[in-house]
file run11.txt (compact mmCIF, C-alpha atoms)
# COMPACT_ATOMS: atom_id res chain seq x y z
CA MET P 1 -72.76 51.93 -49.61
CA VAL P 2 -73.30 48.32 -50.62
CA THR P 3 -76.67 46.92 -49.60
CA ASN P 4 -76.12 43.65 -47.75
CA ASN P 5 -76.80 40.54 -49.93
CA LEU P 6 -78.80 42.41 -52.62
CA VAL P 7 -79.10 40.15 -55.69
CA LEU P 8 -79.37 41.45 -59.26
CA ILE P 9 -81.44 39.35 -61.67
CA PRO P 10 -81.71 40.29 -65.38
CA GLY P 11 -85.06 39.79 -67.07
CA ALA P 12 -88.57 39.50 -65.65
CA GLY P 13 -89.31 35.86 -66.47
CA GLY P 14 -87.76 32.47 -67.12
CA VAL P 15 -85.40 30.88 -64.62
CA GLY P 16 -84.69 34.24 -62.98
CA ARG P 17 -88.31 34.63 -61.94
CA THR P 18 -88.25 31.21 -60.26
CA VAL P 19 -84.98 32.10 -58.52
CA PHE P 20 -86.68 35.25 -57.20
CA GLU P 21 -89.52 33.20 -55.73
CA GLN P 22 -86.97 31.03 -53.92
CA LEU P 23 -85.04 34.04 -52.61
CA ARG P 24 -88.18 35.93 -51.58
CA ALA P 25 -89.14 32.99 -49.38
CA GLN P 26 -85.81 33.47 -47.57
CA ASP P 27 -86.18 37.29 -47.33
CA VAL P 28 -83.22 37.90 -49.64
CA PRO P 29 -83.60 41.30 -51.37
CA VAL P 30 -83.73 41.22 -55.17
CA ARG P 31 -83.38 43.85 -57.88
CA PHE P 32 -84.57 43.02 -61.40
CA MET P 33 -83.15 44.68 -64.49
CA VAL P 34 -85.86 44.61 -67.18
CA ARG P 35 -85.86 45.78 -70.78
CA ARG P 36 -89.07 47.81 -70.43
CA GLU P 37 -91.72 48.95 -68.02
CA ASP P 38 -94.69 46.63 -68.44
CA GLU P 39 -97.17 44.54 -66.50
CA ARG P 40 -94.52 42.02 -65.48
CA ALA P 41 -92.34 44.78 -64.05
CA ALA P 42 -95.30 46.14 -62.08
CA GLU P 43 -96.08 42.66 -60.78
CA LEU P 44 -92.48 42.19 -59.57
CA ARG P 45 -92.63 45.48 -57.68
CA ALA P 46 -95.91 44.40 -56.09
CA LEU P 47 -94.15 41.22 -54.93
CA GLY P 48 -91.45 43.25 -53.19
CA ALA P 49 -88.62 43.41 -55.72
CA GLU P 50 -86.78 46.50 -56.88
CA VAL P 51 -87.06 47.02 -60.64
CA VAL P 52 -84.81 49.08 -62.90
CA VAL P 53 -84.85 49.40 -66.67
CA GLY P 54 -81.70 48.38 -68.52
CA ASP P 55 -80.03 46.18 -71.11
CA LEU P 56 -77.20 43.69 -70.54
CA THR P 57 -75.49 44.90 -73.73
CA ARG P 58 -75.45 48.58 -72.64
CA PRO P 59 -72.65 49.26 -70.12
CA GLU P 60 -74.17 52.39 -68.58
CA THR P 61 -77.37 50.56 -67.64
CA VAL P 62 -75.45 47.55 -66.31
CA ALA P 63 -73.37 49.88 -64.12
CA ALA P 64 -76.47 51.61 -62.79
CA ALA P 65 -78.18 48.29 -62.05
CA LEU P 66 -75.11 47.02 -60.16
CA GLN P 67 -75.06 49.92 -57.69
CA GLY P 68 -75.47 48.51 -54.19
CA VAL P 69 -75.41 44.92 -55.49
CA THR P 70 -73.15 42.25 -53.99
CA ARG P 71 -74.45 39.19 -55.87
CA MET P 72 -75.55 38.82 -59.46
CA TYR P 73 -77.27 36.05 -61.37
CA PHE P 74 -76.31 36.04 -65.05
CA GLY P 75 -78.72 34.20 -67.29
CA MET P 76 -80.43 34.85 -70.61
CA ALA P 77 -82.92 33.20 -72.91
CA VAL P 78 -81.41 31.68 -76.07
CA SER P 79 -79.93 34.72 -77.80
CA PRO P 80 -77.19 35.57 -80.33
CA HIS P 81 -76.21 38.39 -77.93
CA HIS P 82 -75.24 36.05 -75.08
CA LEU P 83 -71.48 36.50 -75.42
CA VAL P 84 -71.70 40.30 -75.78
CA ALA P 85 -73.86 40.47 -72.65
CA ALA P 86 -71.49 38.24 -70.65
CA THR P 87 -68.49 40.31 -71.74
CA MET P 88 -70.28 43.54 -70.87
CA VAL P 89 -71.27 42.30 -67.43
CA ALA P 90 -67.74 41.08 -66.71
CA SER P 91 -66.15 44.35 -67.87
CA VAL P 92 -68.50 46.58 -65.89
CA ALA P 93 -68.39 44.36 -62.80
CA ARG P 94 -64.57 44.38 -62.82
CA GLU P 95 -64.53 48.17 -62.89
CA TYR P 96 -67.29 48.41 -60.32
CA GLY P 97 -65.44 45.91 -58.13
CA GLN P 98 -67.96 45.06 -55.36
CA LEU P 99 -69.45 41.72 -56.39
CA GLU P 100 -69.08 38.88 -53.92
CA ALA P 101 -70.47 36.42 -56.46
CA LEU P 102 -71.43 36.25 -60.13
CA VAL P 103 -73.52 33.12 -60.65
CA ASP P 104 -73.60 32.12 -64.32
CA LEU P 105 -76.35 29.95 -65.80
CA SER P 106 -74.54 28.01 -68.52
CA GLN P 107 -75.29 24.66 -70.22
CA MET P 108 -74.04 21.19 -69.44
CA THR P 109 -73.03 20.60 -73.05
CA VAL P 110 -70.13 22.99 -72.33
CA SER P 111 -68.54 20.23 -70.24
CA GLN P 112 -68.20 18.11 -73.40
CA MET P 113 -66.80 20.90 -75.61
CA THR P 114 -63.31 21.97 -76.58
CA ALA P 115 -61.93 25.14 -78.13
CA THR P 116 -62.19 23.57 -81.59
CA SER P 117 -65.25 21.28 -81.41
CA THR P 118 -67.87 21.99 -84.06
CA GLU P 119 -70.78 19.61 -83.36
CA GLU P 120 -72.54 21.97 -80.98
CA SER P 121 -75.02 24.77 -81.69
CA HIS P 122 -74.10 28.44 -82.00
CA GLN P 123 -75.80 29.02 -78.63
CA GLN P 124 -73.77 26.29 -76.95
CA ARG P 125 -70.58 27.79 -78.40
CA LEU P 126 -71.59 31.20 -76.99
CA HIS P 127 -71.99 29.62 -73.55
CA TRP P 128 -68.54 28.02 -73.84
CA LEU P 129 -66.97 31.35 -74.79
CA ALA P 130 -68.89 33.24 -72.10
CA GLU P 131 -67.51 30.87 -69.46
CA GLN P 132 -63.99 31.59 -70.70
CA VAL P 133 -64.58 35.36 -70.49
CA LEU P 134 -66.05 35.17 -66.99
CA ASP P 135 -63.17 32.98 -65.79
CA TRP P 136 -60.59 35.31 -67.34
CA SER P 137 -62.26 38.30 -65.65
CA GLY P 138 -61.00 37.23 -62.23
CA LEU P 139 -64.45 37.84 -60.74
CA PRO P 140 -65.83 35.48 -58.06
CA VAL P 141 -67.71 33.25 -60.50
CA VAL P 142 -69.84 30.11 -60.04
CA HIS P 143 -70.96 28.22 -63.16
CA ILE P 144 -74.25 26.31 -63.09
CA ARG P 145 -74.57 23.88 -66.02
CA PRO P 146 -78.00 22.23 -66.32
CA THR P 147 -78.75 19.66 -68.98
CA VAL P 148 -81.91 20.08 -71.09
CA PHE P 149 -84.86 21.42 -69.08
CA LEU P 150 -87.97 19.34 -68.46
CA ASP P 151 -89.79 22.65 -68.97
CA THR P 152 -88.55 23.02 -72.55
CA PRO P 153 -91.33 23.09 -75.20
CA LEU P 154 -89.96 19.75 -76.45
CA PHE P 155 -91.30 18.07 -73.31
CA THR P 156 -94.17 20.47 -72.52
CA ASP P 157 -96.04 22.27 -75.32
CA LEU P 158 -95.09 19.92 -78.16
CA ALA P 159 -95.58 16.83 -76.01
CA ALA P 160 -98.95 18.07 -74.71
CA ARG P 161 -100.18 18.66 -78.25
CA THR P 162 -99.40 15.14 -79.50
CA ILE P 163 -100.55 13.49 -76.26
CA LYS P 164 -103.94 15.17 -76.68
CA GLU P 165 -104.07 14.28 -80.38
CA ASN P 166 -102.97 10.64 -80.35
CA SER P 167 -101.33 9.74 -77.00
CA THR P 168 -97.79 10.01 -78.36
CA ILE P 169 -94.60 11.96 -77.79
CA ALA P 170 -93.16 12.58 -81.26
CA LEU P 171 -89.52 13.70 -81.46
CA PRO P 172 -86.47 12.81 -83.61
CA PHE P 173 -84.32 11.59 -80.70
CA GLY P 174 -83.80 8.02 -81.91
CA THR P 175 -82.54 5.68 -79.20
CA GLY P 176 -80.60 8.40 -77.40
CA ARG P 177 -80.96 8.71 -73.64
CA THR P 178 -81.59 11.91 -71.71
CA SER P 179 -81.88 13.09 -68.09
CA PRO P 180 -83.88 16.35 -68.18
CA VAL P 181 -83.97 18.57 -65.10
CA ALA P 182 -86.80 20.82 -63.92
CA VAL P 183 -86.41 24.60 -63.82
CA ASP P 184 -87.57 24.50 -60.18
CA ASP P 185 -84.61 22.30 -59.26
CA VAL P 186 -82.13 24.47 -61.14
CA ALA P 187 -83.60 27.56 -59.45
CA ARG P 188 -83.15 25.92 -56.03
CA VAL P 189 -79.46 25.44 -56.79
CA LEU P 190 -79.08 29.02 -57.99
CA ALA P 191 -80.92 30.43 -54.98
CA THR P 192 -78.85 28.32 -52.58
CA VAL P 193 -75.62 29.65 -54.08
CA LEU P 194 -76.86 33.25 -54.16
CA ARG P 195 -77.97 33.13 -50.51
CA ASP P 196 -74.52 32.05 -49.31
CA PRO P 197 -72.02 32.19 -52.19
CA ALA P 198 -68.71 31.99 -50.32
CA PRO P 199 -68.46 28.14 -50.20
CA HIS P 200 -69.24 27.90 -53.92
CA ILE P 201 -66.91 30.44 -55.54
CA GLY P 202 -64.89 28.86 -58.35
CA GLN P 203 -67.11 25.78 -58.52
CA VAL P 204 -68.87 24.29 -61.55
CA TYR P 205 -72.12 22.46 -60.80
CA GLU P 206 -73.57 20.14 -63.44
CA LEU P 207 -77.28 19.43 -63.00
CA THR P 208 -79.45 16.60 -64.32
CA GLY P 209 -82.58 14.77 -63.34
CA PRO P 210 -82.33 11.63 -61.16
CA ARG P 211 -81.82 9.14 -64.01
CA SER P 212 -81.11 8.87 -67.72
CA VAL P 213 -83.85 7.35 -69.88
CA ASP P 214 -84.43 6.62 -73.54
CA MET P 215 -87.54 8.09 -75.11
CA THR P 216 -89.59 4.91 -74.66
CA GLU P 217 -88.81 5.01 -70.94
CA LEU P 218 -89.65 8.72 -70.88
CA ALA P 219 -93.03 7.94 -72.44
CA THR P 220 -93.57 5.28 -69.76
CA GLU P 221 -93.02 7.88 -67.03
CA PHE P 222 -95.56 10.13 -68.78
CA SER P 223 -97.99 7.19 -68.87
CA ARG P 224 -97.68 6.56 -65.14
CA ALA P 225 -98.07 10.25 -64.33
CA LEU P 226 -101.10 10.77 -66.57
CA GLY P 227 -102.86 7.45 -66.03
CA ARG P 228 -102.99 7.09 -69.80
CA GLU P 229 -100.88 5.03 -72.20
CA VAL P 230 -98.37 7.28 -73.95
CA SER P 231 -95.92 5.96 -76.55
CA TYR P 232 -92.88 7.41 -78.28
CA VAL P 233 -92.87 8.02 -82.02
CA ASP P 234 -89.40 8.50 -83.51
CA LEU P 235 -89.83 11.15 -86.20
CA PRO P 236 -87.53 11.39 -89.24
CA PRO P 237 -85.21 14.32 -88.44
CA GLN P 238 -85.66 16.12 -91.76
CA ARG P 239 -89.45 16.05 -91.55
CA TRP P 240 -89.37 17.38 -87.98
CA GLU P 241 -86.83 20.09 -88.80
CA GLU P 242 -88.95 21.34 -91.70
CA GLN P 243 -91.77 22.13 -89.26
CA LEU P 244 -89.70 24.33 -86.90
CA PRO P 245 -89.60 27.54 -88.99
CA LYS P 246 -93.40 27.44 -89.07
CA LEU P 247 -93.40 28.09 -85.31
CA GLY P 248 -92.11 31.61 -85.93
CA LEU P 249 -88.87 31.10 -84.03
CA PRO P 250 -85.73 33.13 -84.86
CA PRO P 251 -83.11 31.27 -86.96
CA HIS P 252 -80.65 31.26 -84.03
CA VAL P 253 -83.20 29.44 -81.86
CA VAL P 254 -84.15 27.01 -84.65
CA GLN P 255 -80.50 26.08 -85.21
CA HIS P 256 -80.08 25.47 -81.47
CA ILE P 257 -83.14 23.20 -81.26
CA ILE P 258 -82.11 21.22 -84.34
CA THR P 259 -78.65 20.69 -82.88
CA MET P 260 -80.08 19.63 -79.51
CA ALA P 261 -82.12 16.97 -81.31
CA LYS P 262 -79.05 15.73 -83.19
CA LEU P 263 -77.00 15.57 -79.98
CA HIS P 264 -79.81 13.57 -78.38
CA ARG P 265 -79.71 11.11 -81.30
CA ASP P 266 -75.94 10.91 -80.86
CA ASN P 267 -76.49 10.10 -77.15
CA ARG P 268 -74.68 13.21 -75.94
CA TYR P 269 -77.38 13.77 -73.28
CA ASP P 270 -76.90 10.38 -71.61
CA ARG P 271 -75.49 11.68 -68.34
CA THR P 272 -76.42 11.93 -64.66
CA THR P 273 -74.96 13.93 -61.80
CA ASP P 274 -75.72 14.52 -58.13
CA GLY P 275 -75.33 18.30 -58.47
CA VAL P 276 -78.85 19.27 -57.38
CA GLU P 277 -78.78 17.18 -54.22
CA ARG P 278 -75.15 18.04 -53.44
CA VAL P 279 -75.90 21.78 -53.39
CA THR P 280 -79.43 21.82 -51.96
CA GLY P 281 -79.64 18.61 -49.93
CA VAL P 282 -82.77 17.61 -51.86
CA PRO P 283 -82.74 15.33 -54.94
CA PRO P 284 -84.19 16.54 -58.26
CA GLN P 285 -87.74 15.60 -59.17
CA SER P 286 -88.40 12.75 -61.55
CA ILE P 287 -90.05 13.05 -64.95
CA GLU P 288 -93.10 11.30 -63.53
CA ALA P 289 -93.43 13.76 -60.64
CA PHE P 290 -92.97 16.75 -62.94
CA VAL P 291 -95.67 15.54 -65.35
CA ALA P 292 -98.07 14.49 -62.58
CA ALA P 293 -97.97 18.01 -61.14
CA ARG P 294 -99.09 19.31 -64.57
CA LYS P 295 -101.66 16.64 -65.45
CA ASN P 296 -104.34 19.11 -66.53
CA PHE P 297 -101.87 20.86 -68.85
CA TYR P 298 -100.98 17.63 -70.65
CA LEU P 299 -104.50 16.21 -70.86
CA GLY P 300 -106.45 19.46 -71.34
call {"tool": "encode", "arguments": {"input": "run11.txt", "output": "C-alpha cells"}}
result
Amino acid sequence: MVTNNLVLIPGAGGVGRTVFEQLRAQDVPVRFMVRREDERAAELRALGAEVVVGDLTRPETVAAALQGVTRMYFGMAVSPHHLVAATMVASVAREYGQLEALVDLSQMTVSQMTATSTEESHQQRLHWLAEQVLDWSGLPVVHIRPTVFLDTPLFTDLAARTIKENSTIALPFGTGRTSPVAVDDVARVLATVLRDPAPHIGQVYELTGPRSVDMTELATEFSRALGREVSYVDLPPQRWEEQLPKLGLPPHVVQHIITMAKLHRDNRYDRTTDGVERVTGVPPQSIEAFVAARKNFYLG
C-alpha cells in the first residue's frame, strides 16, 4: 500500500533539511534516509519525520527506503559518488514503479554545458550526466537548477572572517557578475513541487537571486545590510587556490570550488531568472536581506 504523498529525503542536513521544514509546515509526511543513527536522526524523529538508515549507492537500502513513497527528493552534497547514486535511484525506482515524482536538485551550470564541454568542474559534469540518466529512465522527473548558493562558505564563513578582520570580501572573482540564491528560496521551490508535483513533471526550473551584481556591488549590499563599509578585494587566483587544501577539504570539493571561481571570473554566473517567483509566487530574497538576517554572524 502506498502512503499518500509520503516524501523521501536523503540525508539529515543541507537543503533537504530545509525542504523538510517547509513540508512539515504543510503537514506533508516525510521519511529521511540517513547514513547512520546519530543525534541528527533522533532530532528528525522528534520533529515528526520517519527515519531509516540507508545509502544512495546501495540498491537494497534504496528499495527499502522507497517502500510506501510516492515522491522523492534527490539531492546530495558535493560528492564524487553523485552519478552512481543517481543511477542507483533511477534503476531501483524504475523497478519499484510507484513514484509520482522524482525531484532532482541539479546545478544551473548544466544549462550552459554540452556533451563535450570541458570548462566545468567534475561535480558539474556529474550533475549533467545524472540529468541524462534520470531523463532516460522515463521516471516522472523535475529538475531544479539553482545557481551558486548565498549560503555557500564563499559568501558566509569566508566572507564573515575577512569582514571581521578588515571589512573586506576577498575572492578571486575579478569583474564577473553573479546572482546567488538563498537555500531557503530553493527549498521553497522544492517543497512547492513536492507538495503538488503533477503540474511540474518534465519541467526544468532555473533559480537565481533577484539581480546579477559584480563583486563591488555585492560588497555594497553587504555594507547596507551590516551598517558598516565593506569593500571587495580581488585576490590573485593562484594565491587563493593555494590556501584551499589547508581547509581540509577533499580534492573533489577543492577542484569544484576552484572551477566555480574561474567560471565567475569568466562571467559564466551572470544570469537571472524568474524561476523562484514563477513556482512559489514569492520573489527570491536579495543579498542585502539575506545578510541583514544574519548580521550577528557576519559581525560577531
call {"tool": "residues_around", "arguments": {"input": "run11.txt", "residues": "stretch 202-207 of chain P", "least_positions_apart": "4", "cutoff": "9 Å", "atoms": "only C-alpha atoms", "output": "PDB file with C-alpha atoms, keeping the file's coordinate frame"}}
result
ATOM      1  CA  GLN P 107     -75.290  24.660 -70.220  1.00  0.00           C
ATOM      2  CA  MET P 108     -74.040  21.190 -69.440  1.00  0.00           C
ATOM      3  CA  SER P 111     -68.540  20.230 -70.240  1.00  0.00           C
ATOM      4  CA  ASP P 135     -63.170  32.980 -65.790  1.00  0.00           C
ATOM      5  CA  PRO P 140     -65.830  35.480 -58.060  1.00  0.00           C
ATOM      6  CA  VAL P 141     -67.710  33.250 -60.500  1.00  0.00           C
ATOM      7  CA  VAL P 142     -69.840  30.110 -60.040  1.00  0.00           C
ATOM      8  CA  HIS P 143     -70.960  28.220 -63.160  1.00  0.00           C
ATOM      9  CA  ILE P 144     -74.250  26.310 -63.090  1.00  0.00           C
ATOM     10  CA  ARG P 145     -74.570  23.880 -66.020  1.00  0.00           C
ATOM     11  CA  PRO P 146     -78.000  22.230 -66.320  1.00  0.00           C
ATOM     12  CA  THR P 147     -78.750  19.660 -68.980  1.00  0.00           C
ATOM     13  CA  PRO P 180     -83.880  16.350 -68.180  1.00  0.00           C
ATOM     14  CA  VAL P 181     -83.970  18.570 -65.100  1.00  0.00           C
ATOM     15  CA  ASP P 185     -84.610  22.300 -59.260  1.00  0.00           C
ATOM     16  CA  VAL P 186     -82.130  24.470 -61.140  1.00  0.00           C
ATOM     17  CA  VAL P 189     -79.460  25.440 -56.790  1.00  0.00           C
ATOM     18  CA  THR P 272     -76.420  11.930 -64.660  1.00  0.00           C
ATOM     19  CA  THR P 273     -74.960  13.930 -61.800  1.00  0.00           C
ATOM     20  CA  ASP P 274     -75.720  14.520 -58.130  1.00  0.00           C
ATOM     21  CA  GLY P 275     -75.330  18.300 -58.470  1.00  0.00           C
ATOM     22  CA  VAL P 276     -78.850  19.270 -57.380  1.00  0.00           C
ATOM     23  CA  VAL P 279     -75.900  21.780 -53.390  1.00  0.00           C
ATOM     24  CA  PRO P 284     -84.190  16.540 -58.260  1.00  0.00           C
TER      25      PRO P 284
END
call {"tool": "residues_around", "arguments": {"input": "run11.txt", "residues": "P:Thr18", "least_positions_apart": "3", "cutoff": "6 Å", "atoms": "only C-alpha atoms", "output": "compact mmCIF listing (two decimals) with C-alpha atoms, keeping the file's coordinate frame"}}
result
# COMPACT_ATOMS: atom_id res chain seq x y z
CA VAL P 15 -85.40 30.88 -64.62
CA GLU P 21 -89.52 33.20 -55.73
CA ALA P 187 -83.60 27.56 -59.45
call {"tool": "residues_around", "arguments": {"input": "run11.txt", "residues": "P:Arg268", "least_positions_apart": "6", "cutoff": "9 Å", "atoms": "only C-alpha atoms", "output": "VMD selection string"}}
result
chain P and resid 109 112 176 to 178 262
call {"tool": "write_last_selection", "arguments": {"input": "run11.txt", "atoms": "C-alpha atoms", "output": "mmCIF file, in the frame of the given file"}}
result
data_model
loop_
_atom_site.group_PDB
_atom_site.id
_atom_site.type_symbol
_atom_site.label_atom_id
_atom_site.label_comp_id
_atom_site.auth_asym_id
_atom_site.auth_seq_id
_atom_site.Cartn_x
_atom_site.Cartn_y
_atom_site.Cartn_z
ATOM 1 C CA THR P 109 -73.030 20.600 -73.050
ATOM 2 C CA GLN P 112 -68.200 18.110 -73.400
ATOM 3 C CA GLY P 176 -80.600 8.400 -77.400
ATOM 4 C CA ARG P 177 -80.960 8.710 -73.640
ATOM 5 C CA THR P 178 -81.590 11.910 -71.710
ATOM 6 C CA LYS P 262 -79.050 15.730 -83.190
#
call {"tool": "closest_residue", "arguments": {"input": "run11.txt", "among": "P:Leu126, P:Leu47, P:Leu299, P:Ala292", "to": "P:Leu83", "atoms": "all atoms listed in the file"}}
result
P:Leu126
call {"tool": "closest_residue", "arguments": {"input": "run11.txt", "among": "P:Gln26, P:Gln123, P:Ser223, P:Thr216", "to": "P:Thr259", "atoms": "only C-alpha atoms"}}
result
P:Gln123
call {"tool": "closest_residue", "arguments": {"input": "run11.txt", "among": "P:Val51, P:Gln67, P:Arg195, P:Ile169", "to": "P:Leu235", "atoms": "all atoms listed in the file"}}
result
P:Ile169
call {"tool": "closest_residue", "arguments": {"input": "run11.txt", "among": "P:Asp104, P:Glu39, P:Glu95, P:Glu60", "to": "P:Leu194", "atoms": "only C-alpha atoms"}}
result
P:Asp104
call {"tool": "closest_residue", "arguments": {"input": "run11.txt", "among": "P:Pro172, P:Pro245, P:Pro80, P:Gly48", "to": "P:Asp266", "atoms": "all atoms listed in the file"}}
result
P:Pro172
call {"tool": "atom_distance", "arguments": {"input": "run11.txt", "atom1": "atom CA of P:Leu139", "atom2": "atom CA of P:Pro10"}}
result
18.0 Å
call {"tool": "axis_aligned_box", "arguments": {"input": "run11.txt", "around": "stretch 198-207 of chain P", "padding_each_side": "5 Å", "output": "JSON"}}
result
{"center_x": -71.1, "center_y": 25.7, "center_z": -56.8, "size_x": 22.4, "size_y": 22.6, "size_z": 23.2}
call {"tool": "closest_residue", "arguments": {"input": "run11.txt", "among": "P:Leu171, P:Ala115, P:Met88, P:Met76", "to": "P:Ser231", "atoms": "only C-alpha atoms"}}
result
P:Leu171
call {"tool": "atom_distance", "arguments": {"input": "run11.txt", "atom1": "atom CA of P:Leu249", "atom2": "atom CA of P:Ala77"}}
result
12.8 Å
call {"tool": "residues_around", "arguments": {"input": "run11.txt", "residues": "P:Leu134", "least_positions_apart": "2", "cutoff": "12 Å", "atoms": "only C-alpha atoms", "output": "PyMOL selection string"}}
result
chain P and resi 74+83-94+101-106+127-132+136-143+202
call {"tool": "atom_distance", "arguments": {"input": "run11.txt", "atom1": "atom CA of P:His200", "atom2": "atom CA of P:Ala25"}}
result
21.0 Å
call {"tool": "residues_around", "arguments": {"input": "run11.txt", "residues": "P:Asp38", "least_positions_apart": "3", "cutoff": "12 Å", "atoms": "all atoms listed in the file", "output": "list in words"}}
result
Gly11, Ala12, Val34, Arg35, Ala41, Ala42, Glu43, Leu44, Arg45, Val51, Val52 and Val53 of chain P
call {"tool": "build_atoms", "arguments": {"input": "run11.txt", "residues": "stretch 174-187 of chain P", "atoms": "N, CA, C and O atoms", "output": "PDB file, in the frame of the given file"}}
result
ATOM      1  N   GLY P 174     -84.328   9.368 -81.706  1.00  0.00           N
ATOM      2  CA  GLY P 174     -83.800   8.020 -81.910  1.00  0.00           C
ATOM      3  C   GLY P 174     -83.788   7.219 -80.627  1.00  0.00           C
ATOM      4  O   GLY P 174     -84.740   7.246 -79.841  1.00  0.00           O
ATOM      5  N   THR P 175     -82.684   6.495 -80.408  1.00  0.00           N
ATOM      6  CA  THR P 175     -82.540   5.680 -79.200  1.00  0.00           C
ATOM      7  C   THR P 175     -81.695   6.377 -78.141  1.00  0.00           C
ATOM      8  O   THR P 175     -81.298   5.756 -77.158  1.00  0.00           O
ATOM      9  N   GLY P 176     -81.417   7.654 -78.353  1.00  0.00           N
ATOM     10  CA  GLY P 176     -80.600   8.400 -77.400  1.00  0.00           C
ATOM     11  C   GLY P 176     -81.281   8.509 -76.038  1.00  0.00           C
ATOM     12  O   GLY P 176     -82.499   8.530 -75.929  1.00  0.00           O
ATOM     13  N   ARG P 177     -80.462   8.597 -75.012  1.00  0.00           N
ATOM     14  CA  ARG P 177     -80.960   8.710 -73.640  1.00  0.00           C
ATOM     15  C   ARG P 177     -80.804  10.164 -73.173  1.00  0.00           C
ATOM     16  O   ARG P 177     -79.944  10.899 -73.670  1.00  0.00           O
ATOM     17  N   THR P 178     -81.616  10.536 -72.191  1.00  0.00           N
ATOM     18  CA  THR P 178     -81.590  11.910 -71.710  1.00  0.00           C
ATOM     19  C   THR P 178     -81.988  11.939 -70.237  1.00  0.00           C
ATOM     20  O   THR P 178     -82.654  11.022 -69.745  1.00  0.00           O
ATOM     21  N   SER P 179     -81.583  12.983 -69.525  1.00  0.00           N
ATOM     22  CA  SER P 179     -81.880  13.090 -68.090  1.00  0.00           C
ATOM     23  C   SER P 179     -82.329  14.517 -67.775  1.00  0.00           C
ATOM     24  O   SER P 179     -81.657  15.244 -67.048  1.00  0.00           O
ATOM     25  N   PRO P 180     -83.467  14.957 -68.331  1.00  0.00           N
ATOM     26  CA  PRO P 180     -83.880  16.350 -68.180  1.00  0.00           C
ATOM     27  C   PRO P 180     -84.090  16.751 -66.730  1.00  0.00           C
ATOM     28  O   PRO P 180     -84.477  15.938 -65.886  1.00  0.00           O
ATOM     29  N   VAL P 181     -83.858  18.035 -66.455  1.00  0.00           N
ATOM     30  CA  VAL P 181     -83.970  18.570 -65.100  1.00  0.00           C
ATOM     31  C   VAL P 181     -84.996  19.689 -65.091  1.00  0.00           C
ATOM     32  O   VAL P 181     -85.116  20.447 -66.058  1.00  0.00           O
ATOM     33  N   ALA P 182     -85.751  19.809 -64.017  1.00  0.00           N
ATOM     34  CA  ALA P 182     -86.800  20.820 -63.920  1.00  0.00           C
ATOM     35  C   ALA P 182     -86.214  22.183 -63.579  1.00  0.00           C
ATOM     36  O   ALA P 182     -85.241  22.292 -62.820  1.00  0.00           O
ATOM     37  N   VAL P 183     -86.812  23.231 -64.134  1.00  0.00           N
ATOM     38  CA  VAL P 183     -86.410  24.600 -63.820  1.00  0.00           C
ATOM     39  C   VAL P 183     -86.460  24.841 -62.309  1.00  0.00           C
ATOM     40  O   VAL P 183     -85.578  25.503 -61.748  1.00  0.00           O
ATOM     41  N   ASP P 184     -87.475  24.296 -61.631  1.00  0.00           N
ATOM     42  CA  ASP P 184     -87.570  24.500 -60.180  1.00  0.00           C
ATOM     43  C   ASP P 184     -86.333  23.987 -59.461  1.00  0.00           C
ATOM     44  O   ASP P 184     -85.847  24.617 -58.513  1.00  0.00           O
ATOM     45  N   ASP P 185     -85.800  22.853 -59.905  1.00  0.00           N
ATOM     46  CA  ASP P 185     -84.610  22.300 -59.260  1.00  0.00           C
ATOM     47  C   ASP P 185     -83.369  23.128 -59.558  1.00  0.00           C
ATOM     48  O   ASP P 185     -82.524  23.350 -58.682  1.00  0.00           O
ATOM     49  N   VAL P 186     -83.256  23.603 -60.796  1.00  0.00           N
ATOM     50  CA  VAL P 186     -82.130  24.470 -61.140  1.00  0.00           C
ATOM     51  C   VAL P 186     -82.210  25.777 -60.346  1.00  0.00           C
ATOM     52  O   VAL P 186     -81.204  26.277 -59.828  1.00  0.00           O
ATOM     53  N   ALA P 187     -83.421  26.320 -60.213  1.00  0.00           N
ATOM     54  CA  ALA P 187     -83.600  27.560 -59.450  1.00  0.00           C
ATOM     55  C   ALA P 187     -83.242  27.369 -57.981  1.00  0.00           C
ATOM     56  O   ALA P 187     -82.690  28.280 -57.341  1.00  0.00           O
TER      57      ALA P 187
END
